[in-house]
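*Asks:* The structure's right below; bear with me while I get my questions together.
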Amino acid sequence: MTEAPIIEIKNVTYHYDHFTVLENINLQVERGDFLAIVGPNGSGKSTLLKLILGLLKKQQGDIYLYGKPLESFDQWEKIGFVSQKANSFNSGFPATVYEVVRSGLTKKTGLFHFFPKNTREHVMEALKAVEMESFIDRNIGELSGGQQQRVFIARAIVSNPELLILDEPTVGVDAKRVAQFYQLLQRLNHTRNMTLIIVSHDVGIISDKVSHVACLNKTLYFHGRSHEFAALDKEALSFFYGHDVDVLKHEHI
Amino acid sequence: MIDNLFQYEFLQNAFLTGIIIGVIAPFLGVFIVVRKMALITDALSHVSLSGIAASLLLGKYFAPFALLNPLYGGMAFSVIGALLIEKLRTVYKHYEELAIPIMMSFGIGLGVIFISLADGFNTDLFGYLFGSVSAVSRADLYVIILIAVLVFITIFLLYKELFLLSFDEEYAKAIGIPGNGIHLLFVITVALVIAVSMRIVGVLLVSSLMTLPVAASIRVAKSFKQAIILSVIFGEISVIGGLVSGFYLEIAPGGTIVIIAATLLLGTVLYKKFRYQKS
Ligand SMILES: Nc1ncnc2c1ncn2[C@@H]1O[C@H](COP(=O)(O)OP(=O)(O)O)[C@@H](O)[C@H]1O
Ligand SMILES: [Mg+2]
């Protein structure tokens, strides 16, 4: 028996009030995939992720996680998430990096249970993966945007999820860091066989970092291996974006 | 004072109550402040007052109700008020903050009506408005201890979920934390603590006990745990200091408690500034 896809999206359509944001989306993600979802602003990328995570209620179509319908899926500890808004938190919030990363274990630890004794070691390990271990006792608000972003990734991976979903994690991170950041994700993908989905604006550089690309703009324009995406001619892409891709690339770096 | 404390039961009641609410009000207050819900405390305290006024009014006209502790009326109204606020927040999805002034004015309006209808308990009411060192009965104390224990256990058991919901609600929901249920439970504990704190600090000042110590602590705390510990320490200093000075100066303790809390807040602001300039 072959393993069920990690995510299976079938004929999903979504409207905000009467405004259609996603139309008839079909998408599969297999274990070990590193999928980048690209598309212009407002193309429905975050909406799609929120539907997968159950943050928005499904309207039409079906979503399966690990072969189970979303409504009855209950193994959320398998999934890590870094939100687009992650570092728009209240920067005056009194919390240390340790406390923030540890909170990623909340679900795994379980309701009415306390964090186990070796929690600090797990947190340390996650922080090492993002090269932030020396910041463990620092106040989260005192860190730079890029450092905070890495802390939120540590929070997402501390529970050792099998699937990691990231919504535009590199916005506001400088170009040099972006490259390092993709290396980190590739490492997680290779060494832990973690399945990754990333919403990204870095159209120019992703194709040699990820295994698959999906182009979304209300409908799914393209979904395939990244080398196929790289081979797409520019004309097709600029049609998809409505303007020249290179311009878009520069806008977001 | 120490002699009096052994001698007079009412002083014992006031001090034990003070020590208890000095812990739980600022403890809950930390979650309230970081979630930017500070205004809900004001709304609920006014709703509690109308509950107390309603009990007193009922007691005046129907003898059996006179035996019922008005604290129960305050607690019931406060909890119902909290639930209504939550309901209103979902009704006015895009104007969530409207729920607070709606409930607050509703609470005051209702209170005014009840108080006017029963113009016989004005002196008693002064204690409810500004707190009192002599108003806490043994029965009150027992209710307060029970509520405090329940609230403490709830918050202790849900600490990690509440932290996550406060820091990043979307993430909490994304990883499958039952955010709405926990939030509701939290709001109910807040409502109960406000109702029981009112005897000591008074309606008009109860919110300050949940916010001023926290406002001071988050100036200096590095971690969430530190923020909680410091808030409780500041809260205790304010309540005990306020009760002692209120007793000797014959001032309603609500006033002295708040002034001490505000002084501590000023102290932390200055401390931070001084430290900053030195380094
Ligand atoms: N809560 C909402 N209510 C109404 N419209 C929304 C809401 N969230 C997003 N939208 C709209 O839906 C569209 C897709 O949004 P989103 O999924 O966030 O796009 P992306 O992440 O690709 O930038 C946008 O036009 C946005 O304005
Ligand atoms: Mg988005």
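By convention in this document, the chains of the structure tokens carry letters A, B, ... by their order, each chain's residues are numbered from 1, and ligands are numbered from 1 in the order they are shown.
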What are the residues of chain B that have an atom within 10 Å of an atom of chain A, counting only C-alpha atoms, as a short mmCIF file (atom, residue, chain, number, x, y, z; two decimals) with all heavy atoms, in the first residue's frame?

*Replies:*
```cif
data_model
loop_
_atom_site.label_atom_id
_atom_site.label_comp_id
_atom_site.auth_asym_id
_atom_site.auth_seq_id
_atom_site.Cartn_x
_atom_site.Cartn_y
_atom_site.Cartn_z
N VAL B 30 -1.73 40.06 34.52
CA VAL B 30 -0.65 39.95 33.53
C VAL B 30 -1.21 39.46 32.20
O VAL B 30 -0.93 40.04 31.14
CB VAL B 30 0.46 38.98 34.03
CG1 VAL B 30 1.50 38.79 32.94
CG2 VAL B 30 1.10 39.52 35.29
N VAL B 33 -3.41 42.29 30.65
CA VAL B 33 -2.68 43.42 30.08
C VAL B 33 -1.99 43.04 28.79
O VAL B 33 -2.10 43.74 27.79
CB VAL B 33 -1.66 43.99 31.10
CG1 VAL B 33 -0.71 44.98 30.42
CG2 VAL B 33 -2.39 44.66 32.25
N VAL B 34 -1.30 41.89 28.77
CA VAL B 34 -0.58 41.55 27.53
C VAL B 34 -1.55 41.23 26.40
O VAL B 34 -1.20 41.34 25.23
CB VAL B 34 0.45 40.40 27.70
CG1 VAL B 34 1.54 40.81 28.67
CG2 VAL B 34 -0.21 39.11 28.10
N ARG B 35 -2.77 40.86 26.74
CA ARG B 35 -3.76 40.61 25.68
C ARG B 35 -4.52 41.88 25.32
O ARG B 35 -5.46 41.85 24.54
CB ARG B 35 -4.75 39.54 26.12
CG ARG B 35 -4.07 38.23 26.39
CD ARG B 35 -5.06 37.14 26.64
NE ARG B 35 -5.72 36.77 25.41
CZ ARG B 35 -6.62 35.81 25.32
NH1 ARG B 35 -6.97 35.15 26.39
NH2 ARG B 35 -7.17 35.50 24.18
N LYS B 36 -4.12 43.01 25.93
CA LYS B 36 -4.76 44.30 25.67
C LYS B 36 -6.26 44.27 25.96
O LYS B 36 -7.07 44.75 25.18
CB LYS B 36 -4.48 44.75 24.23
CG LYS B 36 -3.00 44.68 23.94
CD LYS B 36 -2.58 45.55 22.79
CE LYS B 36 -1.07 45.64 22.77
NZ LYS B 36 -0.50 46.07 21.54
N THR B 154 -7.30 26.75 38.01
CA THR B 154 -7.59 26.89 36.58
C THR B 154 -6.43 27.52 35.83
O THR B 154 -5.97 27.00 34.81
CB THR B 154 -8.84 27.78 36.38
OG1 THR B 154 -9.89 27.26 37.20
CG2 THR B 154 -9.29 27.78 34.93
N PHE B 156 -3.34 27.89 36.75
CA PHE B 156 -2.12 27.12 36.86
C PHE B 156 -2.12 25.99 35.83
O PHE B 156 -1.14 25.76 35.14
CB PHE B 156 -2.04 26.55 38.27
CG PHE B 156 -0.64 26.42 38.76
CD1 PHE B 156 0.13 27.55 38.95
CD2 PHE B 156 -0.10 25.17 39.02
CE1 PHE B 156 1.44 27.44 39.39
CE2 PHE B 156 1.20 25.04 39.46
CZ PHE B 156 1.98 26.17 39.65
N LEU B 157 -3.26 25.32 35.72
CA LEU B 157 -3.35 24.19 34.80
C LEU B 157 -3.33 24.63 33.35
O LEU B 157 -2.89 23.91 32.47
CB LEU B 157 -4.62 23.37 35.08
CG LEU B 157 -4.58 22.52 36.35
CD1 LEU B 157 -5.91 21.81 36.54
CD2 LEU B 157 -3.45 21.50 36.29
N LEU B 158 -3.84 25.85 33.09
CA LEU B 158 -3.91 26.31 31.69
C LEU B 158 -2.81 27.31 31.36
O LEU B 158 -2.86 27.99 30.34
CB LEU B 158 -5.28 26.94 31.43
CG LEU B 158 -6.47 25.99 31.49
CD1 LEU B 158 -7.78 26.75 31.33
CD2 LEU B 158 -6.36 24.91 30.42
N TYR B 159 -1.82 27.38 32.25
CA TYR B 159 -0.77 28.40 32.10
C TYR B 159 -0.16 28.40 30.70
O TYR B 159 -0.08 29.43 30.03
CB TYR B 159 0.32 28.18 33.15
CG TYR B 159 1.48 29.13 33.04
CD1 TYR B 159 1.43 30.39 33.64
CD2 TYR B 159 2.63 28.80 32.33
CE1 TYR B 159 2.50 31.27 33.55
CE2 TYR B 159 3.70 29.67 32.22
CZ TYR B 159 3.63 30.90 32.83
OH TYR B 159 4.68 31.78 32.72
N LYS B 160 0.27 27.24 30.22
CA LYS B 160 0.98 27.22 28.93
C LYS B 160 0.07 27.56 27.77
O LYS B 160 0.48 28.25 26.84
CB LYS B 160 1.71 25.88 28.72
CG LYS B 160 0.84 24.66 28.62
CD LYS B 160 1.74 23.43 28.51
CE LYS B 160 0.95 22.19 28.12
NZ LYS B 160 -0.26 21.93 28.94
N GLU B 161 -1.20 27.15 27.86
CA GLU B 161 -2.14 27.51 26.80
C GLU B 161 -2.43 29.01 26.83
O GLU B 161 -2.48 29.67 25.79
CB GLU B 161 -3.46 26.74 26.95
CG GLU B 161 -3.40 25.29 26.50
CD GLU B 161 -2.74 24.37 27.51
OE1 GLU B 161 -2.54 24.81 28.68
OE2 GLU B 161 -2.42 23.22 27.17
N LEU B 162 -2.61 29.55 28.03
CA LEU B 162 -2.90 30.99 28.15
C LEU B 162 -1.72 31.83 27.68
O LEU B 162 -1.91 32.86 27.04
CB LEU B 162 -3.25 31.34 29.60
CG LEU B 162 -4.66 30.95 30.02
CD1 LEU B 162 -4.82 31.08 31.52
CD2 LEU B 162 -5.70 31.79 29.30
N PHE B 163 -0.53 31.36 27.98
CA PHE B 163 0.65 32.09 27.51
C PHE B 163 0.63 32.15 25.98
O PHE B 163 0.79 33.21 25.38
CB PHE B 163 1.93 31.41 27.99
CG PHE B 163 3.17 32.00 27.36
CD1 PHE B 163 3.74 33.15 27.90
CD2 PHE B 163 3.73 31.44 26.22
CE1 PHE B 163 4.86 33.72 27.31
CE2 PHE B 163 4.84 32.00 25.61
CZ PHE B 163 5.41 33.15 26.16
N LEU B 164 0.42 30.99 25.36
CA LEU B 164 0.47 30.93 23.91
C LEU B 164 -0.65 31.76 23.27
O LEU B 164 -0.44 32.49 22.30
CB LEU B 164 0.40 29.47 23.45
CG LEU B 164 0.65 29.23 21.97
CD1 LEU B 164 1.93 29.90 21.51
CD2 LEU B 164 0.71 27.74 21.68
N LEU B 165 -1.84 31.66 23.84
CA LEU B 165 -2.96 32.45 23.31
C LEU B 165 -2.68 33.95 23.44
O LEU B 165 -3.06 34.73 22.58
CB LEU B 165 -4.25 32.12 24.06
CG LEU B 165 -4.97 30.84 23.63
CD1 LEU B 165 -6.08 30.52 24.62
CD2 LEU B 165 -5.52 30.99 22.23
N SER B 166 -2.01 34.32 24.52
CA SER B 166 -1.71 35.74 24.72
C SER B 166 -0.65 36.20 23.75
O SER B 166 -0.72 37.29 23.21
CB SER B 166 -1.20 35.99 26.14
OG SER B 166 -2.04 35.40 27.08
N PHE B 167 0.33 35.37 23.53
CA PHE B 167 1.46 35.79 22.70
C PHE B 167 1.11 35.75 21.22
O PHE B 167 1.49 36.64 20.46
CB PHE B 167 2.68 34.89 22.99
CG PHE B 167 3.91 35.34 22.27
CD1 PHE B 167 4.59 36.48 22.69
CD2 PHE B 167 4.37 34.66 21.16
CE1 PHE B 167 5.71 36.92 22.03
CE2 PHE B 167 5.50 35.09 20.48
CZ PHE B 167 6.17 36.22 20.92
N ASP B 168 0.41 34.72 20.80
CA ASP B 168 0.18 34.53 19.37
C ASP B 168 -1.06 33.64 19.18
O ASP B 168 -0.97 32.43 19.08
CB ASP B 168 1.41 33.86 18.77
CG ASP B 168 1.38 33.81 17.25
OD1 ASP B 168 0.30 34.01 16.67
OD2 ASP B 168 2.44 33.58 16.65
N GLU B 169 -2.20 34.30 19.15
CA GLU B 169 -3.47 33.57 19.12
C GLU B 169 -3.60 32.72 17.85
O GLU B 169 -4.06 31.58 17.91
CB GLU B 169 -4.61 34.57 19.21
CG GLU B 169 -5.95 33.90 19.41
CD GLU B 169 -7.05 34.89 19.71
OE1 GLU B 169 -6.74 36.07 19.97
OE2 GLU B 169 -8.21 34.48 19.68
N GLU B 170 -3.19 33.28 16.73
CA GLU B 170 -3.33 32.55 15.47
C GLU B 170 -2.53 31.25 15.50
O GLU B 170 -3.00 30.19 15.09
CB GLU B 170 -2.88 33.42 14.29
CG GLU B 170 -3.15 32.76 12.95
CD GLU B 170 -2.62 33.57 11.78
OE1 GLU B 170 -1.52 34.11 11.88
OE2 GLU B 170 -3.32 33.65 10.77
N TYR B 171 -1.30 31.35 16.01
CA TYR B 171 -0.45 30.17 16.07
C TYR B 171 -1.06 29.13 17.01
O TYR B 171 -1.08 27.94 16.71
CB TYR B 171 0.95 30.57 16.55
CG TYR B 171 1.89 29.41 16.66
CD1 TYR B 171 2.44 28.83 15.53
CD2 TYR B 171 2.22 28.87 17.90
CE1 TYR B 171 3.30 27.75 15.62
CE2 TYR B 171 3.08 27.79 18.01
CZ TYR B 171 3.61 27.24 16.86
OH TYR B 171 4.46 26.17 16.96
N ALA B 172 -1.57 29.61 18.14
CA ALA B 172 -2.20 28.69 19.10
C ALA B 172 -3.31 27.89 18.43
O ALA B 172 -3.40 26.67 18.56
CB ALA B 172 -2.74 29.46 20.30
N LYS B 173 -4.13 28.60 17.67
CA LYS B 173 -5.23 27.92 17.00
C LYS B 173 -4.72 27.00 15.91
O LYS B 173 -5.26 25.91 15.70
CB LYS B 173 -6.22 28.94 16.44
CG LYS B 173 -6.99 29.60 17.58
CD LYS B 173 -8.08 30.52 17.11
CE LYS B 173 -8.89 31.01 18.32
NZ LYS B 173 -9.73 32.16 17.97
N ALA B 174 -3.66 27.45 15.21
CA ALA B 174 -3.12 26.63 14.13
C ALA B 174 -2.60 25.30 14.64
O ALA B 174 -2.68 24.30 13.95
CB ALA B 174 -2.01 27.39 13.40
N ILE B 175 -2.04 25.27 15.84
CA ILE B 175 -1.52 23.99 16.33
C ILE B 175 -2.58 23.22 17.13
O ILE B 175 -2.29 22.22 17.75
CB ILE B 175 -0.21 24.12 17.14
CG1 ILE B 175 -0.40 24.90 18.43
CG2 ILE B 175 0.88 24.76 16.29
CD1 ILE B 175 0.80 24.82 19.35
N GLY B 176 -3.82 23.70 17.07
CA GLY B 176 -4.91 22.90 17.62
C GLY B 176 -5.22 23.12 19.09
O GLY B 176 -5.79 22.27 19.75
N ILE B 177 -4.85 24.29 19.63
CA ILE B 177 -5.23 24.61 21.01
C ILE B 177 -6.70 25.07 20.98
O ILE B 177 -7.06 25.91 20.16
CB ILE B 177 -4.35 25.77 21.55
CG1 ILE B 177 -2.86 25.42 21.47
CG2 ILE B 177 -4.75 26.15 22.97
CD1 ILE B 177 -2.42 24.31 22.36
N PRO B 178 -7.54 24.54 21.87
CA PRO B 178 -8.95 24.97 21.87
C PRO B 178 -9.08 26.38 22.42
O PRO B 178 -9.54 26.61 23.54
CB PRO B 178 -9.65 23.95 22.77
CG PRO B 178 -8.57 23.39 23.63
CD PRO B 178 -7.28 23.50 22.88
N SER B 217 5.41 46.02 36.43
CA SER B 217 6.29 44.85 36.26
C SER B 217 6.81 44.72 34.83
O SER B 217 7.96 44.37 34.62
CB SER B 217 5.57 43.57 36.69
OG SER B 217 4.71 43.13 35.66
N ILE B 218 5.96 45.01 33.84
CA ILE B 218 6.43 44.80 32.47
C ILE B 218 7.47 45.85 32.03
O ILE B 218 8.13 45.67 31.03
CB ILE B 218 5.29 44.73 31.41
CG1 ILE B 218 4.43 45.99 31.43
CG2 ILE B 218 4.42 43.50 31.62
CD1 ILE B 218 3.35 45.97 30.36
N ARG B 219 7.64 46.89 32.83
CA ARG B 219 8.72 47.83 32.54
C ARG B 219 10.06 47.17 32.80
O ARG B 219 11.05 47.48 32.15
CB ARG B 219 8.63 49.08 33.44
CG ARG B 219 7.37 49.89 33.29
CD ARG B 219 7.33 50.70 32.05
NE ARG B 219 8.57 51.45 31.81
CZ ARG B 219 8.78 52.14 30.71
NH1 ARG B 219 7.88 52.18 29.78
NH2 ARG B 219 9.92 52.79 30.55
N VAL B 220 10.11 46.30 33.80
CA VAL B 220 11.40 45.76 34.22
C VAL B 220 11.58 44.27 33.97
O VAL B 220 12.69 43.77 33.97
CB VAL B 220 11.67 46.07 35.72
CG1 VAL B 220 12.04 47.52 35.90
CG2 VAL B 220 10.48 45.73 36.60
N ALA B 221 10.48 43.54 33.74
CA ALA B 221 10.60 42.09 33.61
C ALA B 221 11.17 41.69 32.27
O ALA B 221 10.85 42.29 31.25
CB ALA B 221 9.23 41.44 33.79
N LYS B 222 12.03 40.68 32.28
CA LYS B 222 12.60 40.17 31.04
C LYS B 222 11.78 39.00 30.52
O LYS B 222 11.66 38.78 29.34
CB LYS B 222 14.04 39.73 31.26
CG LYS B 222 15.02 40.66 30.61
CD LYS B 222 16.46 40.34 30.94
CE LYS B 222 16.86 38.88 30.76
NZ LYS B 222 18.26 38.63 31.12
N SER B 223 11.26 38.22 31.47
CA SER B 223 10.50 37.03 31.07
C SER B 223 9.06 37.15 31.54
O SER B 223 8.73 38.01 32.36
CB SER B 223 11.12 35.78 31.68
OG SER B 223 10.95 35.79 33.08
N PHE B 224 8.23 36.28 31.03
CA PHE B 224 6.82 36.27 31.43
C PHE B 224 6.70 35.86 32.90
O PHE B 224 5.90 36.43 33.64
CB PHE B 224 6.06 35.29 30.54
CG PHE B 224 4.58 35.51 30.54
CD1 PHE B 224 4.04 36.64 29.97
CD2 PHE B 224 3.73 34.59 31.13
CE1 PHE B 224 2.67 36.86 29.97
CE2 PHE B 224 2.36 34.80 31.14
CZ PHE B 224 1.83 35.94 30.55
N LYS B 225 7.49 34.88 33.27
CA LYS B 225 7.48 34.41 34.66
C LYS B 225 7.84 35.56 35.61
O LYS B 225 7.18 35.76 36.62
CB LYS B 225 8.51 33.28 34.79
CG LYS B 225 8.31 32.40 35.99
CD LYS B 225 9.18 31.16 35.82
CE LYS B 225 9.78 30.74 37.13
NZ LYS B 225 10.83 29.71 36.93
N GLN B 226 8.90 36.30 35.24
CA GLN B 226 9.30 37.44 36.06
C GLN B 226 8.18 38.46 36.14
O GLN B 226 7.94 39.05 37.19
CB GLN B 226 10.50 38.10 35.41
CG GLN B 226 11.77 37.98 36.20
CD GLN B 226 12.90 38.70 35.47
OE1 GLN B 226 12.72 39.75 34.84
NE2 GLN B 226 14.06 38.10 35.55
N ALA B 227 7.50 38.69 35.03
CA ALA B 227 6.40 39.66 35.01
C ALA B 227 5.33 39.24 36.01
O ALA B 227 4.77 40.07 36.74
CB ALA B 227 5.81 39.78 33.61
N ILE B 228 5.04 37.95 36.07
CA ILE B 228 4.02 37.47 37.00
C ILE B 228 4.48 37.64 38.44
O ILE B 228 3.77 38.19 39.28
CB ILE B 228 3.68 35.99 36.72
CG1 ILE B 228 2.89 35.89 35.40
CG2 ILE B 228 2.88 35.38 37.87
CD1 ILE B 228 2.55 34.49 34.99
#
```

*Asks:* Neighbouring residues of ligand 1 are defined here as those with any atom at most 6 Å from a ligand atom, counting only C-alpha atoms and all ligand atoms; list them as a list in words.

*Replies:*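 Sorted by chain and then by number, the residues are Tyr16, Val21, Asn41, Gly42, Ser43, Gly44, Lys45, Ser46 and Thr47 of chain A.
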
*Asks:* Rounded to one decimal, what separation in Å do you get between atom CA of B:Pro26 and atom CA of B:Ile155?

*Replies:*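 So the answer is 12.4 Å.
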
*Asks:* So, with only C-alpha atoms and all ligand atoms as the atoms that count, which of A:Lys10, A:His201, A:Lys209, A:Arg31 lies closest to ligand 2?

*Replies:*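 So, comparing all the options, the nearest one is A:His201.
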
*Asks:* Could you check the closest approach to ligand 2 for each of A:Ile198, A:Val158, A:Val123, A:Leu184 and tell me which residue wins, using only C-alpha atoms and all ligand atoms?

*Replies:*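 Between A:Ile198, A:Val158, A:Val123, A:Leu184, the residue approaching ligand 2 most closely is A:Ile198.
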
*Asks:* If you run DSSP over the backbone, which residues in stretch 15-174 of chain A end up helix (DSSP H, G or I)? Put them as a PyMOL selection string.

*Replies:* chain A and resi 45-52+70-72+76-78+86-88+97-109+119-129+133-135+140-142+145-157

*Asks:* What separation in Å, quoted to one decimal, exists between atom CA of B:His46 and atom CA of B:Leu204?

*Replies:*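 Rounded to one decimal, the two atoms are 7.7 Å apart.
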
*Asks:* Atom CA of B:Leu264 and atom CA of B:Ile240 are how many Å apart?

*Replies:*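 Going from atom CA of B:Leu264 over to atom CA of B:Ile240 covers 13.5 Å.
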